[in-house]
Amino acid sequence: MIYIAIIVLGFILDRITKNYAVNNFIDRPYDGLLLNFTYLENRGAAFGMLQNRRTLFLILTIVIVIGLIYYFIKNYKSNPRMLNIAFALIISGAIGNFYDRLVQAYVVDFIEFAFINFPIFNVADILVTLGAALLIIYMIFFEESEKAS
């Protein structure tokens with residue numbers, strides 16, 4: 001099933017890139033024109049909020065991921081492909097950052113925009129953001145037309 005592949009491949013891509021960051025950017029950050037690669041141990045949530053609340057994040061992630069997986073399994077046959085892809089991306093990214101918090105008590109962030117002041121992030125964050133964007137697009141532009149037909 002393609003959605004399981006998205007979840008697994010997203011998780012693997014997140015792990016590979018974080019391992020690369022640990023091995024290459026701790027001592028030698030890279031400064032580019034568009035992106036910088038700077039190693040950061042994030043012990044909080046998005047944008048570094050709620051630092052050192054590991055247990056809260058672990059419990060919250062478990063509850064959200066279980067809820068998403070339950071909804072996904074229950075509805076994936078009747079859901080439109082766009083919605084299923086959105087859920088798969090969100091689940092994949094959530095599991096990626098959950099793994100970091102569970103195993104090492106912090107999330108490895110390493111991608112930084114060079115041209116604006118924006119928090120450092122990682123591939124799991126990108127997956128969650130893309131999934132959330134797809135979900136919002138679906139809700140705004142497609143949900144009502146799906147209900148009507």
# chains A, B, ... in the order shown; residues from 1 in each chain; ligands from 1

$ residues_around --residues "Phe37 (chain A)" --least-positions-apart "5" --cutoff "6 Å" --atoms "only C-alpha atoms" --output "PyMOL selection string"
chain A and resi 29-30+110-111

$ write_last_selection --atoms "N, CA and C atoms" --output "PDB file, in the first residue's frame"
ATOM      1  N   PRO A  29      29.526  23.178  10.501  1.00  0.00           N
ATOM      2  CA  PRO A  29      28.279  23.639   9.873  1.00  0.00           C
ATOM      3  C   PRO A  29      28.553  24.157   8.465  1.00  0.00           C
ATOM      4  N   TYR A  30      27.536  24.081   7.628  1.00  0.00           N
ATOM      5  CA  TYR A  30      27.662  24.528   6.243  1.00  0.00           C
ATOM      6  C   TYR A  30      26.796  25.763   6.041  1.00  0.00           C
ATOM      7  N   PHE A 110      18.593  20.608  11.836  1.00  0.00           N
ATOM      8  CA  PHE A 110      19.831  20.975  11.142  1.00  0.00           C
ATOM      9  C   PHE A 110      19.623  21.820   9.895  1.00  0.00           C
ATOM     10  N   ILE A 111      18.410  22.018   9.431  1.00  0.00           N
ATOM     11  CA  ILE A 111      18.172  22.788   8.206  1.00  0.00           C
ATOM     12  C   ILE A 111      17.750  24.204   8.599  1.00  0.00           C
TER      13      ILE A 111
END

$ residues_around --residues "region 137-140 of chain A" --least-positions-apart "5" --cutoff "12 Å" --atoms "only C-alpha atoms" --output "PDB file with all heavy atoms, in the first residue's frame"
ATOM      1  N   ASN A  79     -11.603   7.605   2.021  1.00  0.00           N
ATOM      2  CA  ASN A  79     -10.978   8.924   1.937  1.00  0.00           C
ATOM      3  C   ASN A  79     -10.390   9.154   0.549  1.00  0.00           C
ATOM      4  O   ASN A  79      -9.876   8.219  -0.067  1.00  0.00           O
ATOM      5  CB  ASN A  79      -9.844   9.060   2.948  1.00  0.00           C
ATOM      6  CG  ASN A  79     -10.316   9.387   4.327  1.00  0.00           C
ATOM      7  OD1 ASN A  79     -11.459   9.785   4.538  1.00  0.00           O
ATOM      8  ND2 ASN A  79      -9.447   9.213   5.299  1.00  0.00           N
ATOM      9  N   PRO A  80     -10.400  10.398   0.102  1.00  0.00           N
ATOM     10  CA  PRO A  80      -9.692  10.722  -1.145  1.00  0.00           C
ATOM     11  C   PRO A  80      -8.187  10.543  -0.964  1.00  0.00           C
ATOM     12  O   PRO A  80      -7.662  10.646   0.149  1.00  0.00           O
ATOM     13  CB  PRO A  80     -10.025  12.196  -1.387  1.00  0.00           C
ATOM     14  CG  PRO A  80     -11.073  12.554  -0.415  1.00  0.00           C
ATOM     15  CD  PRO A  80     -11.099  11.535   0.657  1.00  0.00           C
ATOM     16  N   ARG A  81      -7.503  10.276  -2.050  1.00  0.00           N
ATOM     17  CA  ARG A  81      -6.053  10.035  -2.016  1.00  0.00           C
ATOM     18  C   ARG A  81      -5.299  11.193  -1.369  1.00  0.00           C
ATOM     19  O   ARG A  81      -4.373  10.979  -0.594  1.00  0.00           O
ATOM     20  CB  ARG A  81      -5.550   9.820  -3.442  1.00  0.00           C
ATOM     21  CG  ARG A  81      -4.055   9.574  -3.499  1.00  0.00           C
ATOM     22  CD  ARG A  81      -3.631   9.236  -4.866  1.00  0.00           C
ATOM     23  NE  ARG A  81      -4.163   7.898  -5.141  1.00  0.00           N
ATOM     24  CZ  ARG A  81      -3.599   7.025  -5.951  1.00  0.00           C
ATOM     25  NH1 ARG A  81      -2.519   7.354  -6.600  1.00  0.00           N
ATOM     26  NH2 ARG A  81      -4.111   5.848  -6.125  1.00  0.00           N
ATOM     27  N   MET A  82      -5.702  12.419  -1.682  1.00  0.00           N
ATOM     28  CA  MET A  82      -5.017  13.593  -1.131  1.00  0.00           C
ATOM     29  C   MET A  82      -5.061  13.585   0.403  1.00  0.00           C
ATOM     30  O   MET A  82      -4.060  13.887   1.063  1.00  0.00           O
ATOM     31  CB  MET A  82      -5.659  14.870  -1.669  1.00  0.00           C
ATOM     32  CG  MET A  82      -5.034  16.141  -1.215  1.00  0.00           C
ATOM     33  SD  MET A  82      -5.922  17.520  -1.978  1.00  0.00           S
ATOM     34  CE  MET A  82      -4.831  18.845  -1.594  1.00  0.00           C
ATOM     35  N   LEU A  83      -6.184  13.236   0.968  1.00  0.00           N
ATOM     36  CA  LEU A  83      -6.337  13.197   2.420  1.00  0.00           C
ATOM     37  C   LEU A  83      -5.481  12.081   3.018  1.00  0.00           C
ATOM     38  O   LEU A  83      -4.824  12.276   4.046  1.00  0.00           O
ATOM     39  CB  LEU A  83      -7.813  13.000   2.769  1.00  0.00           C
ATOM     40  CG  LEU A  83      -8.228  13.225   4.211  1.00  0.00           C
ATOM     41  CD1 LEU A  83      -7.848  14.618   4.685  1.00  0.00           C
ATOM     42  CD2 LEU A  83      -9.731  13.006   4.346  1.00  0.00           C
ATOM     43  N   ASN A  84      -5.454  10.931   2.385  1.00  0.00           N
ATOM     44  CA  ASN A  84      -4.632   9.825   2.872  1.00  0.00           C
ATOM     45  C   ASN A  84      -3.145  10.151   2.811  1.00  0.00           C
ATOM     46  O   ASN A  84      -2.391   9.812   3.720  1.00  0.00           O
ATOM     47  CB  ASN A  84      -4.920   8.549   2.076  1.00  0.00           C
ATOM     48  CG  ASN A  84      -6.246   7.931   2.457  1.00  0.00           C
ATOM     49  OD1 ASN A  84      -6.754   8.150   3.552  1.00  0.00           O
ATOM     50  ND2 ASN A  84      -6.823   7.175   1.548  1.00  0.00           N
ATOM     51  N   ILE A  85      -2.724  10.823   1.764  1.00  0.00           N
ATOM     52  CA  ILE A  85      -1.321  11.231   1.659  1.00  0.00           C
ATOM     53  C   ILE A  85      -0.987  12.238   2.755  1.00  0.00           C
ATOM     54  O   ILE A  85       0.072  12.158   3.385  1.00  0.00           O
ATOM     55  CB  ILE A  85      -1.009  11.794   0.253  1.00  0.00           C
ATOM     56  CG1 ILE A  85      -1.065  10.657  -0.773  1.00  0.00           C
ATOM     57  CG2 ILE A  85       0.349  12.489   0.221  1.00  0.00           C
ATOM     58  CD1 ILE A  85      -0.994  11.121  -2.218  1.00  0.00           C
ATOM     59  N   ALA A  86      -1.895  13.172   3.011  1.00  0.00           N
ATOM     60  CA  ALA A  86      -1.677  14.151   4.080  1.00  0.00           C
ATOM     61  C   ALA A  86      -1.483  13.453   5.416  1.00  0.00           C
ATOM     62  O   ALA A  86      -0.539  13.755   6.159  1.00  0.00           O
ATOM     63  CB  ALA A  86      -2.857  15.128   4.142  1.00  0.00           C
ATOM     64  N   PHE A  87      -2.360  12.513   5.725  1.00  0.00           N
ATOM     65  CA  PHE A  87      -2.240  11.779   6.993  1.00  0.00           C
ATOM     66  C   PHE A  87      -0.947  10.968   7.042  1.00  0.00           C
ATOM     67  O   PHE A  87      -0.284  10.918   8.083  1.00  0.00           O
ATOM     68  CB  PHE A  87      -3.448  10.874   7.221  1.00  0.00           C
ATOM     69  CG  PHE A  87      -4.684  11.616   7.632  1.00  0.00           C
ATOM     70  CD1 PHE A  87      -5.895  11.351   7.017  1.00  0.00           C
ATOM     71  CD2 PHE A  87      -4.656  12.575   8.627  1.00  0.00           C
ATOM     72  CE1 PHE A  87      -7.050  12.030   7.387  1.00  0.00           C
ATOM     73  CE2 PHE A  87      -5.804  13.260   9.009  1.00  0.00           C
ATOM     74  CZ  PHE A  87      -7.001  12.984   8.395  1.00  0.00           C
ATOM     75  N   LEU A 130       4.197  19.590   5.261  1.00  0.00           N
ATOM     76  CA  LEU A 130       3.588  19.264   3.966  1.00  0.00           C
ATOM     77  C   LEU A 130       2.246  18.562   4.154  1.00  0.00           C
ATOM     78  O   LEU A 130       1.270  18.866   3.458  1.00  0.00           O
ATOM     79  CB  LEU A 130       4.518  18.388   3.131  1.00  0.00           C
ATOM     80  CG  LEU A 130       5.734  19.059   2.526  1.00  0.00           C
ATOM     81  CD1 LEU A 130       6.631  18.015   1.847  1.00  0.00           C
ATOM     82  CD2 LEU A 130       5.319  20.120   1.529  1.00  0.00           C
ATOM     83  N   GLY A 131       2.196  17.617   5.093  1.00  0.00           N
ATOM     84  CA  GLY A 131       0.943  16.925   5.368  1.00  0.00           C
ATOM     85  C   GLY A 131      -0.132  17.872   5.868  1.00  0.00           C
ATOM     86  O   GLY A 131      -1.289  17.806   5.427  1.00  0.00           O
ATOM     87  N   ALA A 132       0.227  18.762   6.771  1.00  0.00           N
ATOM     88  CA  ALA A 132      -0.739  19.734   7.289  1.00  0.00           C
ATOM     89  C   ALA A 132      -1.204  20.683   6.185  1.00  0.00           C
ATOM     90  O   ALA A 132      -2.396  21.022   6.110  1.00  0.00           O
ATOM     91  CB  ALA A 132      -0.118  20.523   8.441  1.00  0.00           C
ATOM     92  N   SER A 145     -16.970  19.760  -1.862  1.00  0.00           N
ATOM     93  CA  SER A 145     -17.325  19.130  -3.143  1.00  0.00           C
ATOM     94  C   SER A 145     -17.352  17.613  -3.030  1.00  0.00           C
ATOM     95  O   SER A 145     -18.150  16.954  -3.675  1.00  0.00           O
ATOM     96  CB  SER A 145     -16.376  19.581  -4.253  1.00  0.00           C
ATOM     97  OG  SER A 145     -15.070  19.141  -3.992  1.00  0.00           O
ATOM     98  N   GLU A 146     -16.520  17.042  -2.149  1.00  0.00           N
ATOM     99  CA  GLU A 146     -16.530  15.589  -1.926  1.00  0.00           C
ATOM    100  C   GLU A 146     -17.819  15.174  -1.240  1.00  0.00           C
ATOM    101  O   GLU A 146     -18.409  14.159  -1.573  1.00  0.00           O
ATOM    102  CB  GLU A 146     -15.341  15.183  -1.054  1.00  0.00           C
ATOM    103  CG  GLU A 146     -14.004  15.337  -1.715  1.00  0.00           C
ATOM    104  CD  GLU A 146     -13.722  14.283  -2.776  1.00  0.00           C
ATOM    105  OE1 GLU A 146     -14.250  13.176  -2.652  1.00  0.00           O
ATOM    106  OE2 GLU A 146     -12.979  14.608  -3.706  1.00  0.00           O
ATOM    107  N   LYS A 147     -18.282  15.988  -0.271  1.00  0.00           N
ATOM    108  CA  LYS A 147     -19.524  15.673   0.442  1.00  0.00           C
ATOM    109  C   LYS A 147     -20.735  15.761  -0.492  1.00  0.00           C
ATOM    110  O   LYS A 147     -21.665  14.985  -0.371  1.00  0.00           O
ATOM    111  CB  LYS A 147     -19.708  16.622   1.620  1.00  0.00           C
ATOM    112  CG  LYS A 147     -18.804  16.337   2.785  1.00  0.00           C
ATOM    113  CD  LYS A 147     -19.062  17.309   3.913  1.00  0.00           C
ATOM    114  CE  LYS A 147     -18.103  17.091   5.051  1.00  0.00           C
ATOM    115  NZ  LYS A 147     -18.298  18.087   6.120  1.00  0.00           N
TER     116      LYS A 147
END

$ residues_around --residues "Leu89 (chain A)" --least-positions-apart "6" --cutoff "9 Å" --atoms "only C-alpha atoms" --output "VMD selection string"
chain A and resid 3 6 to 7 10 124 126 to 132

$ write_last_selection --atoms "C-alpha atoms" --output "PDB file, in the first residue's frame"
ATOM      1  CA  TYR A   3       0.478   5.108   2.242  1.00  0.00           C
ATOM      2  CA  ILE A   6       5.123   6.999   2.438  1.00  0.00           C
ATOM      3  CA  ILE A   7       5.239   6.549   6.218  1.00  0.00           C
ATOM      4  CA  GLY A  10       9.578   9.350   5.262  1.00  0.00           C
ATOM      5  CA  ALA A 124      10.330  15.194   9.937  1.00  0.00           C
ATOM      6  CA  ILE A 126       8.979  19.168   6.600  1.00  0.00           C
ATOM      7  CA  LEU A 127       6.839  16.022   6.363  1.00  0.00           C
ATOM      8  CA  VAL A 128       4.443  17.240   9.068  1.00  0.00           C
ATOM      9  CA  THR A 129       4.241  20.675   7.449  1.00  0.00           C
ATOM     10  CA  LEU A 130       3.588  19.264   3.966  1.00  0.00           C
ATOM     11  CA  GLY A 131       0.943  16.925   5.368  1.00  0.00           C
ATOM     12  CA  ALA A 132      -0.739  19.734   7.289  1.00  0.00           C
TER      13      ALA A 132
END

$ atom_distance --atom1 "CA of Gly44 (chain A)" --atom2 "CA of Arg101 (chain A)"
9.6 Å

$ closest_residue --among "A:Ala5, A:Ile26, A:Leu35, A:Ile95" --to "Thr61 (chain A)" --atoms "only C-alpha atoms"
A:Ile95

$ select_by_dssp --residues "region 4-67 of chain A" --states "strand (DSSP E)" --output "ChimeraX atom specification"
/A:30-31,35-42

$ write_last_selection --atoms "N, CA, C and O atoms" --output "mmCIF file, in the first residue's frame"
data_model
loop_
_atom_site.group_PDB
_atom_site.id
_atom_site.type_symbol
_atom_site.label_atom_id
_atom_site.label_comp_id
_atom_site.auth_asym_id
_atom_site.auth_seq_id
_atom_site.Cartn_x
_atom_site.Cartn_y
_atom_site.Cartn_z
ATOM 1 N N TYR A 30 27.536 24.081 7.628
ATOM 2 C CA TYR A 30 27.662 24.528 6.243
ATOM 3 C C TYR A 30 26.796 25.763 6.041
ATOM 4 O O TYR A 30 25.607 25.752 6.372
ATOM 5 N N ASP A 31 27.382 26.818 5.500
ATOM 6 C CA ASP A 31 26.646 28.037 5.190
ATOM 7 C C ASP A 31 26.534 28.180 3.685
ATOM 8 O O ASP A 31 27.546 28.299 2.987
ATOM 9 N N LEU A 35 20.350 27.677 1.924
ATOM 10 C CA LEU A 35 20.222 26.894 3.145
ATOM 11 C C LEU A 35 21.544 26.808 3.886
ATOM 12 O O LEU A 35 22.607 26.719 3.269
ATOM 13 N N ASN A 36 21.439 26.827 5.194
ATOM 14 C CA ASN A 36 22.567 26.520 6.062
ATOM 15 C C ASN A 36 22.261 25.174 6.719
ATOM 16 O O ASN A 36 21.092 24.835 6.932
ATOM 17 N N PHE A 37 23.286 24.418 7.034
ATOM 18 C CA PHE A 37 23.119 23.165 7.748
ATOM 19 C C PHE A 37 23.870 23.289 9.069
ATOM 20 O O PHE A 37 25.095 23.249 9.107
ATOM 21 N N THR A 38 23.101 23.499 10.129
ATOM 22 C CA THR A 38 23.626 23.792 11.448
ATOM 23 C C THR A 38 23.013 22.822 12.445
ATOM 24 O O THR A 38 21.803 22.793 12.613
ATOM 25 N N TYR A 39 23.839 22.034 13.106
ATOM 26 C CA TYR A 39 23.351 21.040 14.071
ATOM 27 C C TYR A 39 22.773 21.723 15.304
ATOM 28 O O TYR A 39 23.364 22.638 15.864
ATOM 29 N N LEU A 40 21.589 21.250 15.718
ATOM 30 C CA LEU A 40 20.940 21.785 16.916
ATOM 31 C C LEU A 40 20.191 20.667 17.625
ATOM 32 O O LEU A 40 19.498 19.877 16.977
ATOM 33 N N GLU A 41 20.324 20.596 18.933
ATOM 34 C CA GLU A 41 19.551 19.658 19.743
ATOM 35 C C GLU A 41 18.351 20.404 20.304
ATOM 36 O O GLU A 41 18.481 21.225 21.200
ATOM 37 N N ASN A 42 17.175 20.112 19.764
ATOM 38 C CA ASN A 42 15.947 20.801 20.160
ATOM 39 C C ASN A 42 15.240 19.974 21.232
ATOM 40 O O ASN A 42 14.736 18.891 20.958
#
